[in-house]
file structure_22.txt (compact mmCIF, C-alpha atoms and all ligand atoms)
# COMPACT_ATOMS: atom_id res chain seq x y z
CA MET A 12 237.83 144.59 -72.08
CA ALA A 13 240.82 146.89 -71.80
CA SER A 14 241.37 147.79 -68.15
CA ASP A 15 240.69 151.51 -68.55
CA GLU A 16 237.64 151.16 -70.77
CA ILE A 17 234.38 152.84 -69.82
CA VAL A 18 231.14 151.67 -71.43
CA LEU A 19 228.60 154.34 -72.34
CA PHE A 20 225.04 153.08 -72.78
CA ASP A 21 223.32 155.21 -75.39
CA ILE A 22 220.19 154.97 -77.53
CA PRO A 23 220.89 154.42 -81.23
CA SER A 24 219.32 156.30 -84.10
CA LYS A 25 218.14 154.40 -87.13
CA ALA A 26 221.00 153.52 -89.50
CA PRO A 27 223.57 154.93 -89.82
CA VAL A 28 223.69 154.68 -86.05
CA GLU A 29 224.49 157.92 -84.29
CA SER A 30 223.90 159.49 -80.90
CA TRP A 31 220.82 161.73 -80.96
CA SER A 32 219.23 161.64 -77.53
CA LEU A 33 219.56 164.63 -75.27
CA ASN A 34 220.59 163.14 -71.93
CA PRO A 35 223.31 160.79 -73.21
CA TRP A 36 224.81 163.70 -75.11
CA LYS A 37 225.62 165.35 -71.77
CA THR A 38 227.75 162.36 -70.81
CA ARG A 39 229.25 161.82 -74.25
CA LEU A 40 230.43 165.44 -74.42
CA LEU A 41 231.96 165.03 -70.96
CA LEU A 42 233.78 161.78 -71.81
CA ASN A 43 235.06 163.30 -75.03
CA TYR A 44 236.24 166.42 -73.22
CA LYS A 45 238.06 164.36 -70.59
CA GLY A 46 239.65 162.30 -73.36
CA LEU A 47 238.60 159.05 -71.71
CA HIS A 48 238.76 155.65 -73.31
CA TYR A 49 235.22 154.42 -73.84
CA ARG A 50 233.05 152.43 -76.14
CA THR A 51 229.33 152.79 -76.77
CA GLU A 52 226.89 149.98 -76.11
CA TRP A 53 223.72 150.87 -78.00
CA LEU A 54 220.44 149.96 -76.34
CA ASN A 55 217.07 150.47 -77.93
CA TYR A 56 214.40 151.48 -75.42
CA PRO A 57 213.01 147.98 -74.77
CA GLN A 58 216.53 146.72 -74.01
CA VAL A 59 217.36 149.32 -71.36
CA LYS A 60 215.73 147.67 -68.34
CA PRO A 61 216.74 144.07 -69.11
CA ARG A 62 220.34 145.13 -69.74
CA LEU A 63 220.80 147.40 -66.70
CA GLU A 64 218.64 145.68 -64.10
CA GLY A 65 220.77 144.03 -61.45
CA HIS A 66 223.79 146.20 -62.28
CA VAL A 67 222.57 149.54 -61.00
CA ALA A 68 219.95 150.43 -58.40
CA PRO A 69 216.65 151.52 -59.95
CA HIS A 70 215.85 155.23 -59.58
CA ALA A 71 213.52 156.02 -56.71
CA PRO A 72 209.89 156.06 -57.91
CA GLY A 73 208.80 159.44 -59.26
CA THR A 74 212.32 160.82 -59.65
CA HIS A 75 212.90 159.73 -63.25
CA ILE A 76 210.90 158.83 -66.32
CA ALA A 77 211.73 155.14 -65.77
CA PRO A 78 213.59 153.07 -63.16
CA TYR A 79 216.52 152.54 -65.56
CA THR A 80 217.67 155.33 -67.81
CA ILE A 81 220.22 156.32 -70.41
CA PRO A 82 222.86 157.58 -69.98
CA THR A 83 224.32 154.94 -67.74
CA ILE A 84 228.01 154.14 -67.74
CA ARG A 85 230.03 151.14 -66.65
CA LEU A 86 233.33 152.11 -65.10
CA PRO A 87 236.44 149.99 -65.71
CA ASP A 88 236.03 148.42 -62.23
CA GLY A 89 232.57 147.15 -63.19
CA THR A 90 230.56 149.77 -61.29
CA TYR A 91 227.52 151.08 -63.14
CA ILE A 92 226.34 154.68 -62.67
CA ALA A 93 223.04 156.02 -63.96
CA ASP A 94 221.96 159.65 -64.41
CA SER A 95 223.99 162.21 -66.32
CA ARG A 96 224.46 164.43 -63.27
CA ALA A 97 225.66 161.59 -61.04
CA ILE A 98 227.99 160.50 -63.84
CA ALA A 99 229.40 164.03 -64.16
CA ASP A 100 230.09 164.19 -60.42
CA THR A 101 231.82 160.80 -60.40
CA ILE A 102 233.89 161.43 -63.53
CA SER A 103 235.06 164.80 -62.13
CA VAL A 104 236.35 163.10 -59.01
CA LEU A 105 237.96 160.17 -60.83
CA HIS A 106 239.38 162.30 -63.64
CA PRO A 107 240.05 165.83 -62.41
CA SER A 108 242.14 166.62 -65.48
CA PRO A 109 241.44 168.41 -67.75
CA PRO A 110 239.46 170.43 -65.23
CA LEU A 111 235.79 171.17 -65.85
CA GLN A 112 233.61 173.21 -63.57
CA ILE A 113 230.40 171.30 -62.91
CA ASP A 114 228.25 173.65 -60.85
CA SER A 115 227.40 177.17 -61.90
CA PRO A 116 224.48 179.56 -61.40
CA GLN A 117 223.59 179.10 -65.07
CA LEU A 118 223.41 175.31 -64.69
CA GLU A 119 221.20 175.76 -61.66
CA TRP A 120 218.93 178.03 -63.67
CA LEU A 121 218.77 175.66 -66.63
CA MET A 122 218.01 172.67 -64.44
CA ALA A 123 215.30 174.57 -62.56
CA ASN A 124 213.70 175.88 -65.76
CA TYR A 125 214.16 172.89 -68.03
CA GLY A 126 210.58 171.72 -67.64
CA ARG A 127 209.30 175.12 -68.80
CA LEU A 128 211.15 174.56 -72.05
CA MET A 129 210.78 170.83 -72.58
CA THR A 130 207.09 170.48 -71.73
CA PRO A 131 205.87 172.85 -74.46
CA PHE A 132 208.56 171.60 -76.84
CA ARG A 133 207.06 168.11 -76.62
CA GLY A 134 204.53 169.21 -79.25
CA VAL A 135 207.47 169.18 -81.67
CA TYR A 136 209.78 166.41 -80.55
CA LEU A 137 207.35 163.72 -79.41
CA PRO A 138 205.97 163.17 -82.93
CA LEU A 139 209.19 163.85 -84.84
CA VAL A 140 211.64 161.63 -82.92
CA PRO A 141 210.00 158.33 -83.92
CA ARG A 142 209.42 159.55 -87.48
CA ARG A 143 212.91 160.83 -88.13
CA LEU A 144 215.33 159.36 -85.63
CA LEU A 145 214.41 156.17 -83.85
CA ALA A 146 215.41 152.68 -84.87
CA ASP A 147 212.40 150.45 -85.54
CA GLU A 148 212.98 148.53 -82.28
CA SER A 149 212.33 151.70 -80.24
CA VAL A 150 209.29 153.10 -82.02
CA ALA A 151 206.43 151.25 -80.30
CA TYR A 152 208.03 151.78 -76.87
CA TRP A 153 208.30 155.51 -77.57
CA TYR A 154 204.65 155.93 -78.52
CA GLU A 155 203.44 153.90 -75.53
CA SER A 156 205.70 155.39 -72.87
CA LYS A 157 205.29 158.99 -74.02
CA ALA A 158 201.50 158.65 -74.18
CA ARG A 159 201.55 157.36 -70.62
CA VAL A 160 203.50 160.41 -69.42
CA ALA A 161 201.54 162.94 -71.53
CA GLY A 162 198.17 161.43 -70.65
CA LYS A 163 197.24 161.36 -74.34
CA SER A 164 198.55 159.85 -77.53
CA VAL A 165 201.52 161.36 -79.33
CA ALA A 166 199.19 162.08 -82.25
CA ASP A 167 196.95 164.10 -79.92
CA VAL A 168 199.96 165.93 -78.47
CA GLU A 169 200.94 166.89 -82.01
CA ARG A 170 197.42 168.00 -82.91
CA ASP A 171 196.90 170.04 -79.73
CA GLU A 172 200.36 171.35 -78.99
CA GLY A 173 202.46 170.96 -82.17
CA GLY A 174 203.85 173.36 -84.77
CA ASP A 175 203.57 177.10 -84.17
CA VAL A 176 201.80 176.58 -80.83
CA ALA A 177 204.88 174.80 -79.50
CA PHE A 178 207.34 177.34 -80.84
CA ALA A 179 205.33 180.23 -79.41
CA ALA A 180 205.26 178.47 -76.04
CA VAL A 181 209.03 177.88 -75.90
CA GLU A 182 209.82 181.48 -76.83
CA PRO A 183 209.92 182.95 -73.28
CA SER A 184 212.34 180.34 -71.92
CA MET A 185 214.46 180.39 -75.09
CA LYS A 186 214.76 184.16 -74.78
CA GLU A 187 215.84 183.82 -71.16
CA ALA A 188 218.40 181.14 -72.00
CA THR A 189 219.66 183.34 -74.85
CA ALA A 190 220.05 186.33 -72.53
CA MET A 191 222.00 184.19 -70.09
CA LEU A 192 224.30 182.88 -72.80
CA LYS A 193 224.90 186.44 -74.04
CA GLU A 194 225.62 187.74 -70.55
CA ASN A 195 229.34 187.13 -70.72
CA PRO A 196 230.45 189.03 -73.83
CA ALA A 197 233.73 187.09 -73.99
CA GLY A 198 231.56 184.09 -75.16
CA PRO A 199 230.99 181.58 -76.74
CA PHE A 200 230.42 179.68 -73.49
CA PHE A 201 228.14 180.56 -70.58
CA GLY A 202 231.26 181.37 -68.58
CA GLY A 203 232.90 183.31 -71.41
CA GLU A 204 236.03 181.74 -72.87
CA GLN A 205 236.13 178.81 -70.45
CA VAL A 206 233.96 175.79 -71.19
CA GLY A 207 232.04 174.29 -68.26
CA TYR A 208 229.59 171.44 -67.74
CA VAL A 209 226.72 173.89 -68.20
CA ASP A 210 227.80 174.24 -71.84
CA PHE A 211 227.57 170.47 -72.31
CA PHE A 212 224.18 170.43 -70.60
CA TRP A 213 222.83 173.07 -72.97
CA ALA A 214 224.67 171.83 -76.06
CA ALA A 215 223.06 168.41 -75.49
CA PHE A 216 219.65 170.03 -75.98
CA LEU A 217 220.86 171.97 -79.03
CA LEU A 218 222.45 168.87 -80.61
CA PHE A 219 219.20 167.00 -80.07
CA VAL A 220 217.17 169.74 -81.76
CA ARG A 221 219.55 170.04 -84.67
CA ARG A 222 219.51 166.28 -85.13
CA ILE A 223 215.71 166.31 -85.40
CA GLY A 224 216.16 168.50 -88.45
CA GLU A 225 217.38 171.81 -89.82
CA ASP A 226 213.75 172.93 -90.10
CA VAL A 227 213.23 172.52 -86.34
CA TRP A 228 216.62 174.01 -85.54
CA GLU A 229 215.93 177.14 -87.62
CA LYS A 230 212.53 177.59 -86.00
CA LEU A 231 214.01 177.25 -82.53
CA LEU A 232 216.68 179.85 -83.29
CA ALA A 233 213.94 182.15 -84.55
CA CYS A 234 212.44 182.06 -81.01
CA CYS A 235 215.48 183.78 -79.53
CA GLY A 236 214.58 187.42 -80.10
CA GLY A 237 217.01 187.85 -83.00
CA ASP A 238 219.99 186.42 -81.11
CA GLY A 239 219.76 182.75 -82.11
CA ARG A 240 223.32 182.86 -83.40
CA VAL A 241 224.71 182.57 -79.86
CA HIS A 242 223.39 179.00 -79.73
CA ALA A 243 224.89 178.17 -83.11
CA GLU A 244 228.18 179.63 -81.85
CA LEU A 245 228.03 177.46 -78.75
CA LEU A 246 227.53 174.36 -80.89
CA GLU A 247 230.49 175.38 -83.04
CA ALA A 248 232.60 175.88 -79.91
CA VAL A 249 231.82 172.41 -78.48
CA LYS A 250 232.59 170.74 -81.82
CA PRO A 251 235.89 169.26 -80.58
CA TRP A 252 233.78 167.20 -78.15
CA SER A 253 230.66 166.56 -80.26
CA GLU A 254 232.36 165.13 -83.32
CA ARG A 255 232.60 161.64 -81.85
CA SER A 256 228.99 160.52 -82.05
CA THR A 257 228.92 157.08 -83.66
CA TYR A 258 230.98 154.76 -81.45
N1 LIG B 301 217.89 162.94 -65.46
C1 LIG B 301 218.26 161.78 -66.23
C2 LIG B 301 217.27 161.57 -67.34
C3 LIG B 301 217.58 160.33 -68.14
C4 LIG B 301 216.46 159.99 -69.10
O1 LIG B 301 215.29 160.36 -68.91
N2 LIG B 301 216.83 159.25 -70.14
C5 LIG B 301 215.88 158.76 -71.12
C6 LIG B 301 216.47 158.85 -72.51
S1 LIG B 301 216.94 160.51 -72.93
C7 LIG B 301 215.60 157.31 -70.84
O2 LIG B 301 216.52 156.57 -70.51
N3 LIG B 301 214.36 156.86 -70.94
C8 LIG B 301 214.06 155.49 -70.68
C9 LIG B 301 212.60 155.20 -70.80
O3 LIG B 301 211.86 156.09 -71.21
O4 LIG B 301 212.24 154.06 -70.50
C10 LIG B 301 219.68 161.99 -66.77
O5 LIG B 301 220.04 163.14 -67.02
O6 LIG B 301 220.40 161.02 -66.90
call {"tool": "encode", "arguments": {"input": "structure_22.txt", "output": "structure tokens"}}
result
Amino acid sequence: MASDEIVLFDIPSKAPVESWSLNPWKTRLLLNYKGLHYRTEWLNYPQVKPRLEGHVAPHAPGTHIAPYTIPTIRLPDGTYIADSRAIADTISVLHPSPPLQIDSPQLEWLMANYGRLMTPFRGVYLPLVPRRLLADESVAYWYESKARVAGKSVADVERDEGGDVAFAAVEPSMKEATAMLKENPAGPFFGGEQVGYVDFFWAAFLLFVRRIGEDVWEKLLACCGGDGRVHAELLEAVKPWSERSTY
């Protein structure tokens, strides 16, 4: 391994392999922005624990969806770091240039309100991710683990909470996120002309939605009170750091 090489553990899509998952996108955008030398090690869901166990401390019970999660990175010195936020903090210290502001009121808001968006949105993404995105090796794990968290099968989530029900339920938080993104008229970023980590945090969600399909993307933008374009503009603006998605 080259001495400056970082390893990014990410979850592959079905072939052709590409990054799709929301949380690893936060780290990938950051590594791309910092211009760091890294390679991707793709892990399907059942491989995550066996590969990371022993290298990184498991998350404290109840703090994460699982004891070992993606993204995790391996630094050139062999240290492993899990959790996109912890990775962002470490990378900012190790690689201050180019500068990137991590904390912001908007990031705080998004982190605090994320559940309000993602819980109702599960009616859409829980059934569609295995159908459209996952590699075969991850499919059974997805259905089992998501049913455990939801307390019912993915099929029941789709029946009870899917389609228009889900989009109606995400509308209030999407409108609030839209208003926040519009707040600085200098746009396209939350902070105006200057990109910050909050933009990567939000773009990761948008990239995930767009990757599920243009149909889902269009419906999400339609939940933004007529201002969905600000999210499309944000995705366009982060393109220099989202183009690398396959290696
Ligand atoms: N807060 C964590 C969340 C990480 C997370 O939940 N990752 C998912 C994939 S997007 C995962 O690794 N799941 C493993 C599992 O379900 O077993 C972060 O931002 O890193």
call {"tool": "residues_near_ligand", "arguments": {"input": "structure_22.txt", "ligand": "ligand LIG 301 (chain B)", "cutoff": "6 Å", "atoms": "all atoms listed in the file", "output": "ChimeraX atom specification"}}
result
/A:32-34,56,76-77,80-82,94-96
call {"tool": "write_last_selection", "arguments": {"input": "structure_22.txt", "atoms": "C-alpha atoms", "output": "mmCIF file, in the coordinates of the input"}}
result
data_model
loop_
_atom_site.group_PDB
_atom_site.id
_atom_site.type_symbol
_atom_site.label_atom_id
_atom_site.label_comp_id
_atom_site.auth_asym_id
_atom_site.auth_seq_id
_atom_site.Cartn_x
_atom_site.Cartn_y
_atom_site.Cartn_z
ATOM 1 C CA SER A 32 219.230 161.640 -77.530
ATOM 2 C CA LEU A 33 219.560 164.630 -75.270
ATOM 3 C CA ASN A 34 220.590 163.140 -71.930
ATOM 4 C CA TYR A 56 214.400 151.480 -75.420
ATOM 5 C CA ILE A 76 210.900 158.830 -66.320
ATOM 6 C CA ALA A 77 211.730 155.140 -65.770
ATOM 7 C CA THR A 80 217.670 155.330 -67.810
ATOM 8 C CA ILE A 81 220.220 156.320 -70.410
ATOM 9 C CA PRO A 82 222.860 157.580 -69.980
ATOM 10 C CA ASP A 94 221.960 159.650 -64.410
ATOM 11 C CA SER A 95 223.990 162.210 -66.320
ATOM 12 C CA ARG A 96 224.460 164.430 -63.270
#
call {"tool": "atom_distance", "arguments": {"input": "structure_22.txt", "atom1": "CA of Pro199 in chain A", "atom2": "CA of Leu245 in chain A"}}
result
5.5 Å
call {"tool": "closest_residue", "arguments": {"input": "structure_22.txt", "among": "A:Ala146, A:Val165, A:Val160, A:Val227", "to": "Pro57 in chain A", "atoms": "only C-alpha atoms"}}
result
A:Ala146
call {"tool": "closest_residue", "arguments": {"input": "structure_22.txt", "among": "A:Ile92, A:Leu63, A:Lys37, A:Pro87", "to": "Val249 in chain A", "atoms": "all atoms listed in the file"}}
result
A:Lys37
call {"tool": "atom_distance", "arguments": {"input": "structure_22.txt", "atom1": "CA of Ile98 in chain A", "atom2": "CA of Ile113 in chain A"}}
result
11.1 Å
call {"tool": "atom_distance", "arguments": {"input": "structure_22.txt", "atom1": "CA of Ala243 in chain A", "atom2": "CA of Phe212 in chain A"}}
result
14.7 Å
call {"tool": "closest_residue", "arguments": {"input": "structure_22.txt", "among": "A:Asp175, A:Ile22, A:Thr101, A:His48", "to": "Trp36 in chain A", "atoms": "all atoms listed in the file"}}
result
A:Ile22
call {"tool": "closest_residue", "arguments": {"input": "structure_22.txt", "among": "A:Ser149, A:Gly236, A:Thr38, A:Tyr258", "to": "Gln58 in chain A", "atoms": "only C-alpha atoms"}}
result
A:Ser149
call {"tool": "residues_around", "arguments": {"input": "structure_22.txt", "residues": "His66 in chain A", "least_positions_apart": "2", "cutoff": "8 Å", "atoms": "only C-alpha atoms", "output": "list of chain:residue names"}}
result
A:Leu63, A:Glu64, A:Ala68, A:Thr90, A:Tyr91
call {"tool": "closest_residue", "arguments": {"input": "structure_22.txt", "among": "A:Pro138, A:Pro251, A:Pro109, A:Pro131", "to": "Trp153 in chain A", "atoms": "all atoms listed in the file"}}
result
A:Pro138
call {"tool": "closest_residue", "arguments": {"input": "structure_22.txt", "among": "A:Asp226, A:Glu16, A:Asp167, A:Glu194", "to": "Gly89 in chain A", "atoms": "all atoms listed in the file"}}
result
A:Glu16
call {"tool": "residues_around", "arguments": {"input": "structure_22.txt", "residues": "Phe201 in chain A", "least_positions_apart": "5", "cutoff": "7 Å", "atoms": "only C-alpha atoms", "output": "PyMOL selection string"}}
result
chain A and resi 192+195+210
call {"tool": "closest_atom_pairs", "arguments": {"input": "structure_22.txt", "of": "range 77-127 of chain A", "to": "range 216-224 of chain A", "cutoff": "12 Å", "atoms": "all atoms listed in the file", "output": "JSON lines"}}
result
{"residue": "A:Leu121", "atom": "CA", "partner": "A:Phe216", "partner_atom": "CA", "distance": 10.9}
{"residue": "A:Met122", "atom": "CA", "partner": "A:Phe216", "partner_atom": "CA", "distance": 12.0}
{"residue": "A:Tyr125", "atom": "CA", "partner": "A:Phe216", "partner_atom": "CA", "distance": 10.1}
call {"tool": "residues_around", "arguments": {"input": "structure_22.txt", "residues": "Val135 in chain A", "least_positions_apart": "2", "cutoff": "12 Å", "atoms": "only C-alpha atoms", "output": "ChimeraX atom specification"}}
result
/A:128-133,137-143,165-181,220,223-224,226-228,230-231
call {"tool": "residues_around", "arguments": {"input": "structure_22.txt", "residues": "Asn55 in chain A", "least_positions_apart": "5", "cutoff": "12 Å", "atoms": "only C-alpha atoms", "output": "list in words"}}
result
Phe20, Asp21, Ile22, Pro23, Ser24, Lys25, Val28, Ser30, Ser32, Lys60, Pro61, Arg62, Thr80, Ile81, Leu144, Leu145, Ala146, Asp147, Glu148, Ser149, Val150, Ala151, Tyr152 and Trp153 of chain A
